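J.: One file: protein_6.cif (mmCIF, C-alpha atoms and all ligand atoms).
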```
data_data
#
loop_
_atom_site.label_atom_id
_atom_site.label_comp_id
_atom_site.auth_asym_id
_atom_site.auth_seq_id
_atom_site.Cartn_x
_atom_site.Cartn_y
_atom_site.Cartn_z
CA MET A 1 9.35 -7.36 -18.85
CA SER A 2 6.88 -9.78 -17.39
CA LYS A 3 3.43 -10.32 -16.08
CA ILE A 4 3.74 -11.69 -12.54
CA THR A 5 1.33 -14.24 -11.12
CA LEU A 6 1.30 -15.47 -7.55
CA ALA A 7 -0.73 -18.67 -7.16
CA ASN A 8 -1.87 -20.04 -3.78
CA LEU A 9 1.24 -18.69 -2.14
CA SER A 10 1.71 -19.29 1.59
CA HIS A 11 4.78 -18.90 3.71
CA SER A 12 5.76 -19.81 7.24
CA TYR A 13 9.13 -19.23 8.90
CA LEU A 14 8.41 -22.21 11.17
CA ASP A 15 9.06 -25.87 10.41
CA LYS A 16 5.67 -26.94 11.72
CA GLN A 17 2.48 -24.90 11.68
CA SER A 18 -0.57 -25.34 13.84
CA LEU A 19 -2.04 -21.86 14.37
CA ASP A 20 -3.25 -19.39 11.76
CA SER A 21 -0.66 -16.96 13.14
CA ASP A 22 2.17 -19.39 12.30
CA TRP A 23 1.82 -18.22 8.68
CA ALA A 24 3.48 -14.97 7.53
CA LEU A 25 1.62 -15.22 4.19
CA LYS A 26 -1.77 -16.90 3.76
CA ASN A 27 -2.89 -18.10 0.35
CA ILE A 28 -1.89 -15.10 -1.75
CA ASN A 29 -3.31 -14.97 -5.28
CA LEU A 30 -2.67 -12.08 -7.63
CA ASP A 31 -1.82 -10.97 -11.12
CA TRP A 32 0.44 -8.03 -11.81
CA LYS A 33 0.25 -6.86 -15.42
CA ASP A 34 3.37 -6.16 -17.41
CA GLY A 35 4.38 -2.52 -17.09
CA GLY A 36 2.01 -1.62 -14.24
CA ALA A 37 2.75 0.60 -11.23
CA TYR A 38 1.70 -1.28 -8.12
CA ALA A 39 1.85 -0.58 -4.42
CA LEU A 40 1.82 -3.13 -1.65
CA LEU A 41 0.35 -1.37 1.37
CA GLY A 42 -0.01 -2.61 4.93
CA PRO A 43 1.20 -2.06 8.49
CA SER A 44 4.54 -3.27 9.79
CA GLY A 45 4.65 -7.05 10.15
CA CYS A 46 1.84 -7.85 7.67
CA GLY A 47 4.17 -9.74 5.32
CA LYS A 48 5.25 -7.22 2.67
CA THR A 49 8.99 -7.91 2.77
CA THR A 50 8.36 -11.65 2.93
CA LEU A 51 6.32 -11.37 -0.27
CA LEU A 52 9.01 -9.33 -2.07
CA ASN A 53 11.73 -11.77 -1.05
CA ILE A 54 9.66 -14.64 -2.42
CA ILE A 55 9.16 -12.83 -5.74
CA SER A 56 12.86 -12.03 -6.05
CA GLY A 57 13.90 -15.57 -5.06
CA LEU A 58 15.71 -14.73 -1.82
CA LEU A 59 13.13 -16.88 -0.04
CA ASN A 60 11.43 -20.14 -1.07
CA PRO A 61 7.67 -20.20 -0.39
CA THR A 62 6.33 -22.96 1.84
CA LYS A 63 3.45 -23.46 -0.60
CA GLY A 64 2.41 -22.18 -4.01
CA LYS A 65 4.00 -20.85 -7.17
CA ILE A 66 5.38 -17.74 -8.81
CA LEU A 67 4.91 -17.36 -12.56
CA PHE A 68 6.44 -14.86 -14.99
CA ASP A 69 4.39 -14.62 -18.18
CA GLY A 70 2.65 -17.84 -17.24
CA LYS A 71 5.91 -19.77 -16.80
CA ASP A 72 6.62 -21.31 -13.39
CA ILE A 73 9.84 -19.75 -12.06
CA THR A 74 9.51 -20.86 -8.42
CA SER A 75 12.74 -22.85 -8.57
CA LEU A 76 14.83 -20.20 -10.39
CA SER A 77 17.63 -18.36 -8.57
CA PRO A 78 17.45 -14.59 -7.93
CA VAL A 79 19.97 -13.93 -10.74
CA GLU A 80 17.95 -15.94 -13.24
CA ARG A 81 14.82 -14.00 -12.33
CA ASN A 82 16.48 -10.72 -13.32
CA ILE A 83 14.75 -8.44 -10.83
CA ALA A 84 16.00 -5.20 -9.31
CA GLN A 85 15.22 -4.98 -5.59
CA ILE A 86 15.78 -1.84 -3.56
CA PHE A 87 15.90 -2.51 0.16
CA GLN A 88 14.56 -0.46 3.04
CA PHE A 89 18.05 0.45 4.24
CA PRO A 90 20.63 1.52 1.65
CA VAL A 91 23.00 -1.13 0.33
CA ILE A 92 26.04 0.63 -1.13
CA TYR A 93 29.82 0.37 -1.28
CA ASP A 94 31.23 3.07 1.01
CA THR A 95 34.76 2.97 -0.42
CA MET A 96 33.66 3.50 -4.03
CA THR A 97 32.66 6.79 -5.64
CA VAL A 98 29.02 7.53 -6.35
CA TYR A 99 29.78 6.93 -10.04
CA ASP A 100 31.26 3.49 -9.44
CA ASN A 101 28.41 2.52 -7.15
CA LEU A 102 25.94 3.27 -9.94
CA ALA A 103 28.10 1.63 -12.59
CA PHE A 104 28.64 -1.55 -10.57
CA PRO A 105 25.49 -3.50 -11.57
CA LEU A 106 26.25 -2.73 -15.24
CA LYS A 107 29.99 -3.60 -15.11
CA ASN A 108 29.01 -6.85 -13.46
CA ARG A 109 26.99 -7.74 -16.53
CA GLY A 110 29.71 -6.84 -19.01
CA MET A 111 28.30 -3.65 -20.52
CA SER A 112 30.72 -1.44 -22.49
CA ASP A 113 32.25 1.64 -20.81
CA GLY A 114 30.47 3.98 -23.23
CA GLU A 115 27.04 2.51 -22.56
CA ILE A 116 27.71 2.49 -18.83
CA ASP A 117 28.66 6.16 -18.89
CA THR A 118 25.44 7.15 -20.66
CA ARG A 119 23.25 5.15 -18.30
CA VAL A 120 25.00 6.30 -15.11
CA LYS A 121 24.77 9.97 -16.13
CA GLU A 122 21.10 9.65 -17.02
CA ILE A 123 20.21 8.09 -13.66
CA ALA A 124 22.43 10.55 -11.74
CA GLU A 125 20.66 13.44 -13.43
CA MET A 126 17.27 12.08 -12.48
CA LEU A 127 18.23 11.62 -8.84
CA GLU A 128 20.14 14.92 -8.65
CA LEU A 129 23.43 13.16 -7.98
CA THR A 130 25.36 14.64 -10.93
CA ASN A 131 27.42 17.00 -8.77
CA THR A 132 28.44 14.24 -6.39
CA LEU A 133 29.42 11.57 -8.95
CA ASN A 134 33.13 11.79 -8.12
CA ASN A 135 32.67 11.88 -4.34
CA ARG A 136 33.19 8.87 -2.18
CA ALA A 137 29.90 7.37 -1.04
CA ALA A 138 31.14 7.18 2.56
CA GLY A 139 30.79 10.93 3.06
CA LEU A 140 27.14 11.14 2.07
CA THR A 141 24.10 11.68 4.29
CA ALA A 142 21.46 8.95 4.78
CA ASP A 143 19.38 10.64 2.04
CA GLY A 144 22.32 10.61 -0.35
CA LYS A 145 23.04 6.96 0.33
CA GLN A 146 19.46 5.94 -0.28
CA LYS A 147 19.48 7.88 -3.56
CA ILE A 148 22.48 5.81 -4.67
CA SER A 149 20.69 2.68 -3.60
CA LEU A 150 17.68 3.73 -5.69
CA GLY A 151 20.00 4.55 -8.58
CA ARG A 152 21.61 1.12 -8.43
CA GLY A 153 18.18 -0.46 -8.67
CA LEU A 154 17.11 1.72 -11.56
CA VAL A 155 20.29 1.71 -13.62
CA ARG A 156 19.75 -1.61 -15.40
CA ALA A 157 17.39 -1.17 -18.33
CA ASN A 158 16.43 -4.77 -19.04
CA VAL A 159 15.09 -6.06 -15.71
CA ASN A 160 11.76 -7.87 -15.48
CA VAL A 161 10.54 -5.96 -12.44
CA ILE A 162 11.77 -3.21 -10.13
CA MET A 163 10.75 -3.66 -6.50
CA PHE A 164 11.09 -0.99 -3.84
CA ASP A 165 10.85 -2.00 -0.18
CA GLU A 166 9.89 1.13 1.80
CA PRO A 167 12.76 3.00 0.08
CA LEU A 168 11.94 6.40 1.55
CA THR A 169 11.95 5.41 5.24
CA VAL A 170 15.25 7.15 5.96
CA ILE A 171 14.61 10.10 3.65
CA ASP A 172 13.81 13.62 4.80
CA PRO A 173 10.07 14.47 4.39
CA HIS A 174 10.46 17.22 1.78
CA LEU A 175 12.78 15.08 -0.32
CA LYS A 176 10.26 12.24 -0.08
CA TRP A 177 7.80 14.20 -2.18
CA ILE A 178 10.42 14.92 -4.81
CA LEU A 179 11.70 11.35 -5.05
CA ARG A 180 8.23 9.87 -5.09
CA SER A 181 7.14 11.99 -8.01
CA LYS A 182 10.43 11.19 -9.77
CA LEU A 183 9.74 7.48 -9.43
CA LYS A 184 6.28 8.00 -10.85
CA GLU A 185 7.75 10.02 -13.72
CA LEU A 186 10.32 7.30 -14.32
CA HIS A 187 7.61 4.67 -14.43
CA GLN A 188 5.80 6.61 -17.11
CA LYS A 189 9.03 6.97 -19.08
CA ILE A 190 10.35 3.41 -18.97
CA ASN A 191 7.05 1.57 -18.56
CA ARG A 192 8.50 -1.26 -16.54
CA THR A 193 6.58 -3.23 -13.91
CA MET A 194 7.22 -1.57 -10.56
CA ILE A 195 6.17 -2.78 -7.13
CA TYR A 196 6.37 -0.23 -4.37
CA VAL A 197 6.08 -1.45 -0.78
CA THR A 198 5.03 0.95 1.95
CA HIS A 199 3.05 1.29 5.16
CA ASP A 200 2.19 4.88 4.21
CA GLN A 201 -1.15 5.30 2.44
CA THR A 202 -0.17 8.64 0.85
CA GLU A 203 2.91 7.09 -0.71
CA ALA A 204 0.94 4.13 -2.01
CA LEU A 205 -1.93 6.17 -3.37
CA THR A 206 0.28 8.72 -5.13
CA PHE A 207 2.63 6.18 -6.72
CA ALA A 208 0.37 3.38 -7.84
CA ASP A 209 -2.41 2.77 -10.35
CA GLN A 210 -3.32 -0.35 -8.39
CA VAL A 211 -2.87 -0.79 -4.66
CA VAL A 212 -2.77 -4.18 -2.95
CA VAL A 213 -3.73 -3.89 0.72
CA MET A 214 -2.31 -6.51 3.07
CA HIS A 215 -3.39 -7.38 6.60
CA GLU A 216 -1.99 -10.20 8.73
CA GLY A 217 -0.47 -12.06 5.78
CA GLN A 218 -3.58 -11.82 3.62
CA ILE A 219 -4.58 -9.63 0.69
CA VAL A 220 -7.76 -7.89 1.79
CA GLN A 221 -8.32 -5.79 -1.34
CA THR A 222 -6.75 -4.85 -4.65
CA GLY A 223 -7.99 -1.72 -6.34
CA THR A 224 -7.42 1.81 -7.56
CA PRO A 225 -7.07 4.48 -4.88
CA VAL A 226 -10.64 5.58 -5.66
CA GLU A 227 -12.03 2.06 -5.28
CA LEU A 228 -10.29 1.62 -1.94
CA PHE A 229 -11.73 4.89 -0.75
CA GLU A 230 -15.26 4.51 -2.07
CA LYS A 231 -15.88 0.83 -1.46
CA PRO A 232 -13.64 -0.88 1.10
CA LYS A 233 -14.10 -4.65 0.77
CA HIS A 234 -12.83 -5.27 4.28
CA THR A 235 -13.20 -3.20 7.46
CA PHE A 236 -9.38 -3.07 7.70
CA VAL A 237 -9.20 -1.19 4.37
CA GLY A 238 -11.90 1.14 5.68
CA HIS A 239 -10.02 2.23 8.74
CA PHE A 240 -6.45 1.96 7.38
CA ILE A 241 -7.14 4.16 4.34
CA GLY A 242 -8.57 7.63 4.78
CA SER A 243 -7.84 10.30 7.33
CA PRO A 244 -9.71 9.89 9.56
CA GLY A 245 -10.64 6.34 8.53
CA MET A 246 -14.06 4.82 8.05
CA ASN A 247 -16.57 4.70 10.92
CA ILE A 248 -17.34 1.07 11.72
CA LEU A 249 -20.32 0.48 13.99
CA PRO A 250 -21.96 -2.69 15.25
CA CYS A 251 -25.41 -3.14 13.70
CA GLU A 252 -28.40 -5.42 14.00
CA LEU A 253 -29.35 -7.35 10.86
CA ASN A 254 -32.93 -8.66 10.72
CA ASP A 255 -34.80 -9.82 7.61
CA GLY A 256 -32.29 -8.07 5.38
CA ILE A 257 -32.65 -4.77 7.21
CA ALA A 258 -29.73 -3.14 9.00
CA ALA A 259 -30.21 -0.96 12.04
CA ILE A 260 -28.00 1.02 14.41
CA ASP A 261 -29.49 1.82 17.83
CA GLY A 262 -32.87 0.71 16.46
CA VAL A 263 -32.71 3.21 13.56
CA LYS A 264 -33.01 1.64 10.10
CA ILE A 265 -29.94 2.25 7.90
CA GLU A 266 -30.13 2.05 4.12
CA THR A 267 -27.00 0.55 2.61
CA GLY A 268 -25.44 -0.13 -0.78
CA SER A 269 -25.23 -3.79 0.25
CA GLN A 270 -27.78 -6.44 -0.77
CA ILE A 271 -28.36 -8.06 2.58
CA LYS A 272 -29.96 -11.48 2.66
CA LYS A 273 -30.26 -13.69 5.69
CA SER A 274 -27.06 -13.66 7.65
CA ASN A 275 -25.33 -16.12 9.88
CA PHE A 276 -22.36 -13.95 10.73
CA THR A 277 -20.98 -13.78 14.23
CA LYS A 278 -20.35 -10.05 13.82
CA THR A 279 -22.27 -7.56 11.69
CA GLU A 280 -21.23 -3.94 11.16
CA ILE A 281 -22.00 -0.83 9.17
CA GLY A 282 -19.16 1.11 7.56
CA ILE A 283 -19.47 4.75 6.52
CA ARG A 284 -16.68 7.23 5.82
CA PRO A 285 -16.78 10.56 7.75
CA GLU A 286 -17.01 12.32 4.36
CA PHE A 287 -20.45 10.77 3.75
CA VAL A 288 -22.06 11.50 7.13
CA SER A 289 -24.12 14.65 7.62
CA PHE A 290 -26.13 16.38 10.32
CA SER A 291 -29.89 16.12 9.82
CA LYS A 292 -33.31 16.50 11.42
CA ASP A 293 -33.75 12.79 11.97
CA GLY A 294 -31.62 9.64 11.83
CA ILE A 295 -29.26 8.36 14.50
CA PRO A 296 -29.40 10.42 17.71
CA VAL A 297 -25.90 11.55 18.73
CA LYS A 298 -24.11 13.91 21.07
CA VAL A 299 -21.33 16.14 19.72
CA LEU A 300 -18.15 15.56 21.70
CA LYS A 301 -15.48 17.60 19.97
CA VAL A 302 -14.92 19.77 16.90
CA SER A 303 -11.45 20.11 15.35
CA ASN A 304 -10.98 22.68 12.62
CA THR A 305 -8.07 21.95 10.28
CA GLY A 306 -8.67 25.13 8.29
CA ARG A 307 -9.88 23.32 5.20
CA TYR A 308 -12.43 21.11 6.93
CA LYS A 309 -13.84 20.26 10.34
CA ILE A 310 -13.66 16.84 11.96
CA ILE A 311 -16.51 16.38 14.40
CA ASP A 312 -16.46 13.58 16.97
CA THR A 313 -19.92 12.42 17.95
CA ILE A 314 -21.22 9.53 19.98
CA CYS A 315 -24.33 7.37 19.72
CA LYS A 316 -25.34 4.35 21.85
CA SER A 317 -23.36 1.95 19.64
CA GLY A 318 -20.15 3.99 19.58
CA LYS A 319 -18.34 7.00 18.18
CA ILE A 320 -19.06 8.44 14.73
CA LYS A 321 -16.76 10.97 13.05
CA VAL A 322 -18.15 13.53 10.62
CA LEU A 323 -16.12 15.51 8.10
CA SER A 324 -17.61 18.81 7.00
CA HIS A 325 -16.61 22.04 5.30
CA SER A 326 -14.90 24.36 7.74
CA SER A 327 -17.49 27.11 7.21
CA GLN A 328 -20.39 24.83 8.18
CA ASN A 329 -22.13 25.50 11.47
CA ILE A 330 -21.99 22.52 13.75
CA PRO A 331 -24.87 21.70 16.09
CA THR A 332 -23.90 21.73 19.74
CA GLU A 333 -24.74 18.82 22.01
CA SER A 334 -27.68 16.66 20.82
CA THR A 335 -28.47 16.19 17.14
CA TYR A 336 -29.03 13.51 14.47
CA LEU A 337 -26.83 11.99 11.78
CA SER A 338 -27.73 10.59 8.39
CA PHE A 339 -25.58 8.51 6.03
CA ASP A 340 -25.26 8.75 2.26
CA LYS A 341 -26.78 5.41 1.18
CA LYS A 342 -24.50 5.09 -1.85
CA PHE A 343 -21.41 4.86 0.41
CA THR A 344 -22.90 2.93 3.33
CA TYR A 345 -21.95 -0.73 3.46
CA ALA A 346 -22.79 -3.68 5.67
CA TYR A 347 -19.95 -5.98 6.76
CA GLY A 348 -20.24 -9.56 7.98
CA ASP A 349 -17.25 -10.82 9.96
CA ASN A 350 -15.21 -7.92 8.51
CA TRP A 351 -15.94 -8.63 4.83
CA ILE A 352 -18.34 -6.49 2.80
CA ILE A 353 -21.80 -7.93 2.13
CA GLU A 354 -22.38 -7.18 -1.57
P1 LIG B 1 6.55 -6.32 6.75
O1 LIG B 1 7.61 -6.23 5.71
O2 LIG B 1 5.16 -6.10 6.23
O3 LIG B 1 6.82 -5.45 7.95
P2 LIG B 1 7.60 -9.01 7.18
O4 LIG B 1 7.41 -9.71 5.89
O5 LIG B 1 8.95 -8.51 7.49
O6 LIG B 1 6.52 -7.83 7.30
O7 LIG B 1 7.16 -9.97 8.37
C1 LIG B 1 5.97 -10.74 8.35
C2 LIG B 1 5.95 -11.65 9.56
O8 LIG B 1 6.98 -12.63 9.47
C3 LIG B 1 6.17 -10.93 10.89
O9 LIG B 1 5.37 -11.54 11.84
C4 LIG B 1 7.64 -11.16 11.17
O10 LIG B 1 7.90 -11.15 12.55
C5 LIG B 1 7.88 -12.53 10.57
N1 LIG B 1 9.27 -12.67 10.04
C6 LIG B 1 9.86 -11.88 9.11
N2 LIG B 1 11.12 -12.31 8.84
C7 LIG B 1 11.33 -13.39 9.62
C8 LIG B 1 12.43 -14.30 9.81
N3 LIG B 1 13.55 -14.15 9.11
N4 LIG B 1 12.27 -15.30 10.70
C9 LIG B 1 11.12 -15.45 11.40
N5 LIG B 1 10.05 -14.66 11.27
C10 LIG B 1 10.14 -13.63 10.41
MG MG B 2 9.28 -4.93 5.60
#
```
Could you take the file, read its structure, and then write that structure out as C-alpha cells?

T.:
Amino acid sequence: MSKITLANLSHSYLDKQSLDSDWALKNINLDWKDGGAYALLGPSGCGKTTLLNIISGLLNPTKGKILFDGKDITSLSPVERNIAQIFQFPVIYDTMTVYDNLAFPLKNRGMSDGEIDTRVKEIAEMLELTNTLNNRAAGLTADGKQKISLGRGLVRANVNVIMFDEPLTVIDPHLKWILRSKLKELHQKINRTMIYVTHDQTEALTFADQVVVMHEGQIVQTGTPVELFEKPKHTFVGHFIGSPGMNILPCELNDGIAAIDGVKIETGSQIKKSNFTKTEIGIRPEFVSFSKDGIPVKVLKVSNTGRYKIIDTICKSGKIKVLSHSSQNIPTESTYLSFDKKFTYAYGDNWIIE
C-alpha cells in the first residue's frame, strides 16, 4: 500500500510543444492518501487515461515526478510498481477457463495452488462468476468478460494501488449499479488505494470519497461530492456536475459589487478590485427561487420530472434554470428571481473569486 504523489507532472505526445493544446497533461499536482477511494472525473479526451498510464509506468511523463510514500519511482518499470490496472475494454484469455483467467496473475507470481484456489473462489463469489468458473471465457457476453477483467485486477492481494479505467463502459446499465456498489464494498473490506476513472458523474460521486475533476489536461478541483456540488472552484465543475448544471451568467463587477442586468447580486465571494477579462456569477438551479423582486425574467418552459420541476427562464444576460418542488406553483410569463447568497459565487476568468 502506498500514498501516491504526483509532482509538477506534464505530458505531451508531441516531440516539440508550442501551444497550450500540445499538452495532454498540464502541471498536475496531487496527493492520494494510502487506502483512499478516489475518482478521476472528466469528459472524453481530458487526459484521464494518460494520467493512469503514467502512474502505472506504461508511459513516461514529459515533465515531473511520481512518488510512492515519498520515494521517487518515476524510473521504475510497471512490474516494479506493483499496480493492478483494469482497462476500459476487457483484457482476457479467450481460450482459458474463467478460473484460469482469474488464477493467471497469481500463478505468474508463484503462489501455491491452495492459496490460489481460495483467492479465485473469493473473487468469483464477489463478482457472481462462481457458476461459470469452468466455462471457457470465449463464450461469455461483454458483461461477463469485463467481470473477469475486473476479477483479474482484484485477485492479487498485495498491490500498491488498483486503478480502474472506465471499467463499466461495456456493462449493461442495471449490472452497472450492482458492480459499482460491489467495488465500493470491496474497497471498504480490503482498504486498498483505488482510483476509479470515469466520465460519468454518478459513478464518480457514488464510488469515491474524493473526486478529482479534470478539464483539458488540468485538475480544476479536488473535493468530496458535497464540496463539488456546493462550492465549484471552476465554472467547468459547476456545469459538469449537477443535473442540470450550474447557471453561469456574465456579470458586471464594480467596486466589489456584482450585478446582473443592473441588479445587485450578493455573493459568498469576497470581491476586491478585479482585472479579469471575464467575470461571471454561478448559482445552481437548486438555490434559485421565484420572488417579488430581484432579476426580472420570463418563464420559457416548465418540465415536471415527477419529483421536481425544472423551469427554464430568461433574463437580459441569458438563461437561468430553476429547480423547484413539483407541487410548487410556477409563475407564468414575467416574474423575478432571487439567489441564495450562501451558494452564489463570483468567477473571474472561470476560477472562483474567494
Ligand atoms: P481520456 O482518457 O480522458 O479520454 P486521454 O488521456 O486518452 O483522455 O487523451 C488525452 C489527450 O491526449 C487527447 O487529446 C488525446 O487525443 C491525446 N492522446 C491520447 N493518447 C495518445 C497517443 N497515443 N498519441 C497521441 N495523442 C494521444
Ligand atoms: Mg480514457

J.: Which residues are close to His325 of chain A, i.e. within 7 Å by only C-alpha atoms, leaving aside same-chain residues fewer than 3 positions away? Reply as a list in words.

T.: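 Here the answer would be Arg307, Tyr308, Lys309 and Gln328 of chain A.
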
J.: Which protein, DNA or RNA residues are at most 10 Å from (-28.4, 7.0, 16.5) in the file's coordinates when you count all atoms listed in the file, listed as a PyMOL selection string?

T.: chain A and resi 259-265+293-298+314-318+320+335-338

J.: Could you give me, as a list of chain:residue names, the residues that sit within 9 Å of (-10.3, 9.1, 7.0) in the file's coordinates, counting only C-alpha atoms?

T.: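 Within the cut-off we find A:Phe229, A:Gly238, A:His239, A:Phe240, A:Ile241, A:Gly242, A:Ser243, A:Pro244, A:Gly245, A:Met246, A:Asn247, A:Arg284, A:Pro285, A:Glu286, A:Leu323.
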
J.: I want to know what sits within 9 Å of Gly223 of chain A, based on only C-alpha atoms, with residues of the same chain fewer than 5 positions away left out; could you give that as a count of residues only?

T.: 6

J.: Please return as a ChimeraX atom specification the residues found within 7 Å of ligand LIG 1 (chain B), counting only C-alpha atoms and all ligand atoms.

T.: /A:13,24,42-51

J.: With all atoms listed in the file as the counted atoms, please give the residues lying no more than 8 Å from Ile195 of chain A, apart from itself and same-chain residues fewer than 4 positions off, as number ranges by chain.

T.: A: 37-40, 161-164

J.: Between A:Lys26, A:Lys272, A:His199, A:Lys278, which has the minimum distance to ligand MG 2 (chain B) (counting all atoms listed in the file)?

T.: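 Among the listed residues, the smallest separation from ligand MG 2 (chain B) belongs to A:His199.
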
J.: Need to verify the contact set: Arg156 of chain A, 9 Å, all atoms listed in the file, exclusion of same-chain residues closer than 4 positions in sequence. Can you return it as a list in words?

T.: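 Skipping anything fewer than 4 positions along the chain leaves Ala84, Pro105, Leu106, Arg119 and Arg152 of chain A.
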
J.: Fewer than 4 positions away in the same chain doesn't count, so skip those; otherwise give me all residues within 9 Å of segment 86-93 of chain A, counting all atoms listed in the file, as a ChimeraX atom specification.

T.: /A:97-98,100-101,137-138,142,145-150,152-154,162-170

J.: Select, from A:Ser2, A:Thr141, A:Asn108, A:Ser327, the residue with the minimum atom-to-atom distance to Leu67 of chain A, counting all atoms listed in the file.

T.: A:Ser2
